[in-house]
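Engineer: What follows is the file target02.cif, containing mmCIF, N, CA and C atoms:
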```cif
data_run
loop_
_atom_site.label_atom_id
_atom_site.label_comp_id
_atom_site.auth_asym_id
_atom_site.auth_seq_id
_atom_site.Cartn_x
_atom_site.Cartn_y
_atom_site.Cartn_z
N MET A 1 19.67 -40.19 -16.70
CA MET A 1 18.83 -40.09 -15.52
C MET A 1 17.41 -40.51 -15.91
N GLY A 2 16.85 -41.47 -15.18
CA GLY A 2 15.53 -42.00 -15.50
C GLY A 2 14.41 -41.13 -14.95
N ARG A 3 13.21 -41.48 -15.35
CA ARG A 3 12.02 -40.73 -14.90
C ARG A 3 11.86 -40.82 -13.38
N LYS A 4 12.18 -41.96 -12.81
CA LYS A 4 12.02 -42.13 -11.36
C LYS A 4 12.92 -41.16 -10.61
N ASP A 5 14.13 -40.93 -11.11
CA ASP A 5 15.04 -39.99 -10.47
C ASP A 5 14.47 -38.58 -10.49
N LEU A 6 13.82 -38.20 -11.58
CA LEU A 6 13.23 -36.86 -11.67
C LEU A 6 12.09 -36.71 -10.68
N VAL A 7 11.28 -37.75 -10.56
CA VAL A 7 10.14 -37.69 -9.65
C VAL A 7 10.63 -37.58 -8.21
N MET A 8 11.60 -38.37 -7.84
CA MET A 8 12.08 -38.37 -6.47
C MET A 8 12.78 -37.05 -6.11
N ARG A 9 13.42 -36.43 -7.06
CA ARG A 9 14.13 -35.19 -6.77
C ARG A 9 13.16 -34.03 -6.58
N ASN A 10 11.99 -34.11 -7.18
CA ASN A 10 11.02 -33.03 -7.09
C ASN A 10 10.08 -33.18 -5.90
N ARG A 11 10.29 -34.16 -5.08
CA ARG A 11 9.42 -34.38 -3.93
C ARG A 11 9.63 -33.27 -2.90
N ARG A 12 8.53 -32.70 -2.45
CA ARG A 12 8.62 -31.60 -1.48
C ARG A 12 8.44 -32.12 -0.07
N CYS A 13 8.94 -31.36 0.87
CA CYS A 13 8.83 -31.73 2.28
C CYS A 13 8.15 -30.57 3.01
N PHE A 14 7.04 -30.87 3.68
CA PHE A 14 6.30 -29.86 4.40
C PHE A 14 6.54 -30.02 5.90
N SER A 15 6.78 -28.93 6.57
CA SER A 15 7.03 -28.99 8.01
C SER A 15 5.72 -29.30 8.75
N PRO A 16 5.83 -29.91 9.93
CA PRO A 16 4.61 -30.18 10.71
C PRO A 16 3.84 -28.90 11.04
N GLU A 17 4.55 -27.79 11.23
CA GLU A 17 3.87 -26.52 11.53
C GLU A 17 3.02 -26.06 10.34
N LEU A 18 3.56 -26.20 9.12
CA LEU A 18 2.81 -25.81 7.94
C LEU A 18 1.59 -26.73 7.75
N LYS A 19 1.80 -28.01 7.95
CA LYS A 19 0.68 -28.95 7.83
C LYS A 19 -0.41 -28.61 8.84
N ARG A 20 0.01 -28.35 10.08
CA ARG A 20 -0.96 -28.01 11.13
C ARG A 20 -1.72 -26.75 10.77
N SER A 21 -1.01 -25.74 10.26
CA SER A 21 -1.69 -24.48 9.92
C SER A 21 -2.69 -24.68 8.78
N MET A 22 -2.34 -25.52 7.80
CA MET A 22 -3.27 -25.79 6.69
C MET A 22 -4.53 -26.49 7.21
N ILE A 23 -4.34 -27.48 8.08
CA ILE A 23 -5.48 -28.23 8.60
C ILE A 23 -6.35 -27.36 9.50
N GLU A 24 -5.72 -26.54 10.34
CA GLU A 24 -6.50 -25.65 11.19
C GLU A 24 -7.28 -24.63 10.37
N GLU A 25 -6.69 -24.19 9.26
CA GLU A 25 -7.41 -23.29 8.34
C GLU A 25 -8.61 -24.01 7.74
N LEU A 26 -8.42 -25.28 7.38
CA LEU A 26 -9.52 -26.07 6.82
C LEU A 26 -10.62 -26.28 7.86
N LEU A 27 -10.22 -26.64 9.09
CA LEU A 27 -11.20 -26.91 10.14
C LEU A 27 -11.95 -25.65 10.59
N SER A 28 -11.27 -24.51 10.54
CA SER A 28 -11.93 -23.26 10.93
C SER A 28 -12.84 -22.73 9.83
N GLN A 29 -12.79 -23.36 8.68
CA GLN A 29 -13.61 -23.02 7.51
C GLN A 29 -13.36 -21.60 6.99
N THR A 30 -12.14 -21.10 7.19
CA THR A 30 -11.79 -19.81 6.59
C THR A 30 -11.48 -19.98 5.11
N SER A 31 -11.06 -21.17 4.73
CA SER A 31 -10.81 -21.51 3.32
C SER A 31 -11.35 -22.90 3.05
N THR A 32 -11.70 -23.15 1.80
CA THR A 32 -12.16 -24.48 1.43
C THR A 32 -10.95 -25.36 1.14
N ALA A 33 -11.20 -26.65 1.08
CA ALA A 33 -10.12 -27.59 0.77
C ALA A 33 -9.51 -27.28 -0.60
N ALA A 34 -10.37 -26.96 -1.56
CA ALA A 34 -9.88 -26.65 -2.90
C ALA A 34 -8.97 -25.43 -2.90
N GLN A 35 -9.35 -24.40 -2.14
CA GLN A 35 -8.52 -23.19 -2.08
C GLN A 35 -7.16 -23.48 -1.46
N ILE A 36 -7.14 -24.24 -0.39
CA ILE A 36 -5.88 -24.58 0.27
C ILE A 36 -5.01 -25.42 -0.66
N CYS A 37 -5.61 -26.38 -1.32
CA CYS A 37 -4.85 -27.24 -2.24
C CYS A 37 -4.24 -26.44 -3.39
N ARG A 38 -5.02 -25.53 -3.95
CA ARG A 38 -4.50 -24.71 -5.05
C ARG A 38 -3.37 -23.80 -4.57
N ARG A 39 -3.56 -23.18 -3.40
CA ARG A 39 -2.57 -22.24 -2.88
C ARG A 39 -1.23 -22.92 -2.62
N HIS A 40 -1.26 -24.16 -2.12
CA HIS A 40 -0.02 -24.85 -1.76
C HIS A 40 0.38 -25.91 -2.79
N ASN A 41 -0.38 -26.03 -3.85
CA ASN A 41 -0.12 -26.98 -4.93
C ASN A 41 0.02 -28.42 -4.39
N ILE A 42 -1.01 -28.86 -3.65
CA ILE A 42 -1.05 -30.22 -3.12
C ILE A 42 -2.38 -30.86 -3.54
N SER A 43 -2.44 -32.15 -3.44
CA SER A 43 -3.68 -32.84 -3.80
C SER A 43 -4.64 -32.84 -2.62
N SER A 44 -5.91 -32.98 -2.93
CA SER A 44 -6.90 -33.02 -1.86
C SER A 44 -6.73 -34.28 -1.01
N GLY A 45 -6.30 -35.37 -1.64
CA GLY A 45 -6.06 -36.61 -0.89
C GLY A 45 -4.99 -36.42 0.17
N LEU A 46 -3.94 -35.67 -0.17
CA LEU A 46 -2.88 -35.40 0.80
C LEU A 46 -3.41 -34.55 1.94
N LEU A 47 -4.21 -33.55 1.61
CA LEU A 47 -4.78 -32.69 2.64
C LEU A 47 -5.66 -33.49 3.61
N TYR A 48 -6.48 -34.39 3.08
CA TYR A 48 -7.34 -35.19 3.94
C TYR A 48 -6.54 -36.24 4.73
N HIS A 49 -5.43 -36.71 4.15
CA HIS A 49 -4.54 -37.60 4.90
C HIS A 49 -3.95 -36.85 6.09
N TRP A 50 -3.52 -35.63 5.87
CA TRP A 50 -2.99 -34.81 6.96
C TRP A 50 -4.07 -34.53 8.01
N ARG A 51 -5.32 -34.37 7.56
CA ARG A 51 -6.40 -34.12 8.51
C ARG A 51 -6.58 -35.31 9.45
N LYS A 52 -6.47 -36.54 8.91
CA LYS A 52 -6.54 -37.73 9.75
C LYS A 52 -5.38 -37.77 10.74
N GLN A 53 -4.19 -37.43 10.26
CA GLN A 53 -3.02 -37.39 11.14
C GLN A 53 -3.20 -36.33 12.22
N TYR A 54 -3.75 -35.20 11.85
CA TYR A 54 -4.00 -34.11 12.80
C TYR A 54 -4.95 -34.58 13.89
N ALA A 55 -5.98 -35.31 13.50
CA ALA A 55 -6.95 -35.82 14.47
C ALA A 55 -6.30 -36.77 15.46
N ARG A 56 -5.24 -37.43 15.03
CA ARG A 56 -4.53 -38.36 15.92
C ARG A 56 -3.40 -37.68 16.69
N GLY A 57 -3.24 -36.37 16.50
CA GLY A 57 -2.24 -35.63 17.26
C GLY A 57 -0.83 -35.74 16.73
N LYS A 58 -0.67 -35.97 15.43
CA LYS A 58 0.65 -36.18 14.85
C LYS A 58 1.44 -34.89 14.62
N PHE A 59 0.81 -33.74 14.74
CA PHE A 59 1.50 -32.47 14.45
C PHE A 59 1.70 -31.64 15.70
N GLY A 60 1.92 -32.28 16.82
CA GLY A 60 2.17 -31.55 18.06
C GLY A 60 0.91 -30.99 18.70
N ASN A 61 -0.23 -31.43 18.26
CA ASN A 61 -1.50 -30.98 18.82
C ASN A 61 -2.11 -32.12 19.64
N GLU A 62 -3.12 -31.81 20.41
CA GLU A 62 -3.83 -32.83 21.18
C GLU A 62 -4.70 -33.65 20.22
N PRO A 63 -4.68 -34.98 20.34
CA PRO A 63 -5.55 -35.78 19.48
C PRO A 63 -7.01 -35.58 19.87
N THR A 64 -7.88 -35.71 18.89
CA THR A 64 -9.31 -35.60 19.18
C THR A 64 -9.75 -36.83 19.95
N LYS A 65 -10.82 -36.71 20.68
CA LYS A 65 -11.32 -37.82 21.49
C LYS A 65 -11.70 -39.00 20.61
N GLU A 66 -12.33 -38.73 19.47
CA GLU A 66 -12.75 -39.79 18.56
C GLU A 66 -11.55 -40.55 18.02
N ALA A 67 -10.50 -39.81 17.64
CA ALA A 67 -9.31 -40.46 17.10
C ALA A 67 -8.60 -41.28 18.17
N ALA A 68 -8.55 -40.77 19.39
CA ALA A 68 -7.92 -41.51 20.48
C ALA A 68 -8.70 -42.80 20.75
N LEU A 69 -10.03 -42.71 20.72
CA LEU A 69 -10.85 -43.91 20.93
C LEU A 69 -10.70 -44.89 19.78
N ALA A 70 -10.61 -44.38 18.55
CA ALA A 70 -10.43 -45.25 17.39
C ALA A 70 -9.09 -45.99 17.48
N ASP A 71 -8.04 -45.29 17.92
CA ASP A 71 -6.74 -45.93 18.09
C ASP A 71 -6.82 -47.02 19.15
N ARG A 72 -7.51 -46.74 20.24
CA ARG A 72 -7.64 -47.71 21.33
C ARG A 72 -8.42 -48.93 20.87
N VAL A 73 -9.49 -48.72 20.10
CA VAL A 73 -10.27 -49.83 19.56
C VAL A 73 -9.40 -50.70 18.66
N GLN A 74 -8.58 -50.05 17.83
CA GLN A 74 -7.70 -50.80 16.93
C GLN A 74 -6.69 -51.64 17.73
N GLN A 75 -6.13 -51.07 18.79
CA GLN A 75 -5.20 -51.81 19.63
C GLN A 75 -5.88 -53.01 20.27
N LEU A 76 -7.10 -52.80 20.77
CA LEU A 76 -7.83 -53.89 21.43
C LEU A 76 -8.23 -54.98 20.44
N GLU A 77 -8.59 -54.59 19.22
CA GLU A 77 -8.92 -55.59 18.20
C GLU A 77 -7.72 -56.45 17.87
N LEU A 78 -6.54 -55.82 17.78
CA LEU A 78 -5.32 -56.60 17.54
C LEU A 78 -5.05 -57.56 18.69
N LEU A 79 -5.26 -57.10 19.91
CA LEU A 79 -5.05 -57.94 21.08
C LEU A 79 -6.03 -59.12 21.09
N VAL A 80 -7.29 -58.87 20.77
CA VAL A 80 -8.29 -59.94 20.72
C VAL A 80 -7.90 -60.97 19.66
N GLY A 81 -7.43 -60.50 18.52
CA GLY A 81 -7.00 -61.42 17.47
C GLY A 81 -5.84 -62.29 17.91
N GLN A 82 -4.86 -61.69 18.58
CA GLN A 82 -3.71 -62.45 19.06
C GLN A 82 -4.13 -63.47 20.12
N LEU A 83 -5.00 -63.04 21.03
CA LEU A 83 -5.47 -63.97 22.08
C LEU A 83 -6.28 -65.12 21.49
N THR A 84 -7.04 -64.85 20.45
CA THR A 84 -7.81 -65.90 19.78
C THR A 84 -6.87 -66.93 19.15
N LEU A 85 -5.82 -66.43 18.49
CA LEU A 85 -4.84 -67.35 17.91
C LEU A 85 -4.15 -68.18 18.99
N ASP A 86 -3.78 -67.54 20.09
CA ASP A 86 -3.14 -68.25 21.21
C ASP A 86 -4.07 -69.34 21.75
N LYS A 87 -5.34 -69.00 21.90
CA LYS A 87 -6.31 -69.96 22.43
C LYS A 87 -6.43 -71.17 21.51
N GLU A 88 -6.52 -70.93 20.22
CA GLU A 88 -6.63 -72.04 19.26
C GLU A 88 -5.39 -72.91 19.29
N LEU A 89 -4.22 -72.29 19.39
CA LEU A 89 -2.97 -73.05 19.46
C LEU A 89 -2.95 -73.92 20.72
N LEU A 90 -3.35 -73.36 21.84
CA LEU A 90 -3.37 -74.13 23.09
C LEU A 90 -4.38 -75.28 23.03
N LYS A 91 -5.52 -75.05 22.40
CA LYS A 91 -6.51 -76.12 22.24
C LYS A 91 -5.93 -77.28 21.45
N LYS A 92 -5.24 -76.96 20.34
CA LYS A 92 -4.65 -78.01 19.51
C LYS A 92 -3.55 -78.74 20.27
N ALA A 93 -2.74 -77.99 21.01
CA ALA A 93 -1.67 -78.62 21.78
C ALA A 93 -2.24 -79.54 22.84
N LEU A 94 -3.30 -79.13 23.52
CA LEU A 94 -3.94 -79.96 24.55
C LEU A 94 -4.52 -81.23 23.92
N LYS A 95 -5.19 -81.06 22.80
CA LYS A 95 -5.77 -82.22 22.12
C LYS A 95 -4.68 -83.20 21.71
N HIS A 96 -3.60 -82.68 21.17
CA HIS A 96 -2.48 -83.52 20.75
C HIS A 96 -1.87 -84.24 21.94
N THR A 97 -1.69 -83.54 23.05
CA THR A 97 -1.11 -84.12 24.26
C THR A 97 -2.01 -85.22 24.81
N LEU A 98 -3.31 -84.97 24.84
CA LEU A 98 -4.25 -85.97 25.34
C LEU A 98 -4.26 -87.22 24.45
N GLU A 99 -4.19 -87.02 23.14
CA GLU A 99 -4.17 -88.16 22.23
C GLU A 99 -2.90 -88.98 22.42
N LYS A 100 -1.77 -88.32 22.61
CA LYS A 100 -0.51 -89.03 22.85
C LYS A 100 -0.56 -89.79 24.16
N ALA A 101 -1.11 -89.17 25.20
CA ALA A 101 -1.18 -89.81 26.51
C ALA A 101 -2.08 -91.04 26.46
N GLU A 102 -3.16 -91.00 25.70
CA GLU A 102 -4.06 -92.14 25.59
C GLU A 102 -3.42 -93.30 24.86
N THR A 103 -2.59 -93.00 23.86
CA THR A 103 -1.95 -94.10 23.13
C THR A 103 -0.88 -94.76 23.99
N ARG A 104 -0.26 -94.03 24.90
CA ARG A 104 0.76 -94.59 25.78
C ARG A 104 0.12 -95.39 26.93
N GLU A 105 -0.90 -94.85 27.54
CA GLU A 105 -1.56 -95.49 28.67
C GLU A 105 -3.05 -95.63 28.36
N PRO A 106 -3.44 -96.74 27.77
CA PRO A 106 -4.83 -96.89 27.36
C PRO A 106 -5.82 -96.86 28.50
N SER A 107 -5.42 -97.24 29.69
CA SER A 107 -6.36 -97.15 30.79
C SER A 107 -5.68 -96.46 31.96
N PHE A 108 -6.43 -95.67 32.63
CA PHE A 108 -5.92 -94.92 33.78
C PHE A 108 -6.90 -95.14 34.91
N SER A 109 -6.65 -96.13 35.72
CA SER A 109 -7.52 -96.55 36.83
C SER A 109 -8.97 -96.68 36.38
N GLY A 110 -9.15 -97.33 35.25
CA GLY A 110 -10.50 -97.63 34.81
C GLY A 110 -11.14 -96.57 33.92
N THR A 111 -10.60 -95.37 33.83
CA THR A 111 -11.19 -94.33 32.98
C THR A 111 -10.10 -93.76 32.09
N SER A 112 -10.51 -93.25 30.96
CA SER A 112 -9.53 -92.63 30.07
C SER A 112 -9.29 -91.19 30.50
N LEU A 113 -8.26 -90.59 29.97
CA LEU A 113 -7.95 -89.21 30.32
C LEU A 113 -9.04 -88.25 29.84
N LYS A 114 -9.64 -88.56 28.73
CA LYS A 114 -10.69 -87.69 28.21
C LYS A 114 -11.91 -87.72 29.13
N GLU A 115 -12.19 -88.86 29.73
CA GLU A 115 -13.34 -88.97 30.62
C GLU A 115 -13.06 -88.33 31.97
N SER A 116 -11.81 -88.34 32.37
CA SER A 116 -11.44 -87.79 33.67
C SER A 116 -11.57 -86.27 33.63
N LYS A 117 -12.20 -85.71 34.63
CA LYS A 117 -12.40 -84.26 34.70
C LYS A 117 -11.29 -83.58 35.48
N GLY A 118 -10.40 -84.31 36.07
CA GLY A 118 -9.32 -83.73 36.85
C GLY A 118 -9.79 -83.33 38.23
N GLY A 119 -8.90 -82.77 39.01
CA GLY A 119 -9.25 -82.33 40.35
C GLY A 119 -9.21 -83.47 41.35
N ALA A 120 -9.52 -83.17 42.56
CA ALA A 120 -9.51 -84.20 43.63
C ALA A 120 -10.77 -85.03 43.56
N SER A 121 -10.62 -86.28 43.77
CA SER A 121 -11.81 -87.15 43.77
C SER A 121 -12.37 -87.22 45.19
N SER A 122 -13.68 -87.28 45.27
CA SER A 122 -14.30 -87.31 46.60
C SER A 122 -14.90 -88.65 46.92
#
```
Give the structure from this file in structure tokens form.
Structural biologist:
Amino acid sequence: MGRKDLVMRNRRCFSPELKRSMIEELLSQTSTAAQICRRHNISSGLLYHWRKQYARGKFGNEPTKEAALADRVQQLELLVGQLTLDKELLKKALKHTLEKAETREPSFSGTSLKESKGGASS
């Protein structure tokens, strides 16, 4: 049996209720982070990771307003990135289409397609 097997077998599983109670104890300042970590034999990094999850409502609690807004900002940033990529792709496709059309029909009633603004002529 290798070292990895020993590490994986010793991994503990904490219930969401226990995590929530530890974080609420931390937030109420009845105990310090160090005291909670020593009592439950966990790292401070894990405790602070749980605190972030708690703020987002991952333990059956209401998410904090700041965490909900941060999640919404992240979603909107992803959407803006996707729309930017879509826009650039459409620009390239339009440019490519216009270049192909010009090589096929060098003149279009006296003006090129690039010069033409489209729409009804008056």
Engineer: I'd like the interatomic distance between CA of Ser21 in chain A and CA of Gln74 in chain A, to a tenth of an Å.
Structural biologist: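 Separating CA of Ser21 in chain A from CA of Gln74 in chain A is a distance of 27.9 Å.
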Engineer: Output, as lines of an AutoDock Vina configuration file, the centre and edge lengths in Å (one decimal) of the axis-aligned box that contains all listed atoms of range 50-61 of chain A with 6 Å of margin on each side.
Structural biologist:
```
center_x = -2.4
center_y = -34.7
center_z = 12.8
size_x = 21.1
size_y = 19.4
size_z = 25.8
```
Engineer: Check what the PyMOL selection byres ((chain A and resi 41-55) around 8) selects in the file above and give those residues as number ranges by chain.
Structural biologist: A: 19-20, 22-24, 33-40, 56-68
Engineer: Work out how far CA of Arg12 in chain A is from atom C of Ser28 in chain A, in Å to one decimal.
Structural biologist: 25.8 Å
Engineer: Go ahead and compute the interatomic distance for atom C of Leu76 in chain A and atom N of Leu94 in chain A, in Å to one decimal.
Structural biologist: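 Separation of atom C of Leu76 in chain A and atom N of Leu94 in chain A: 24.8 Å.
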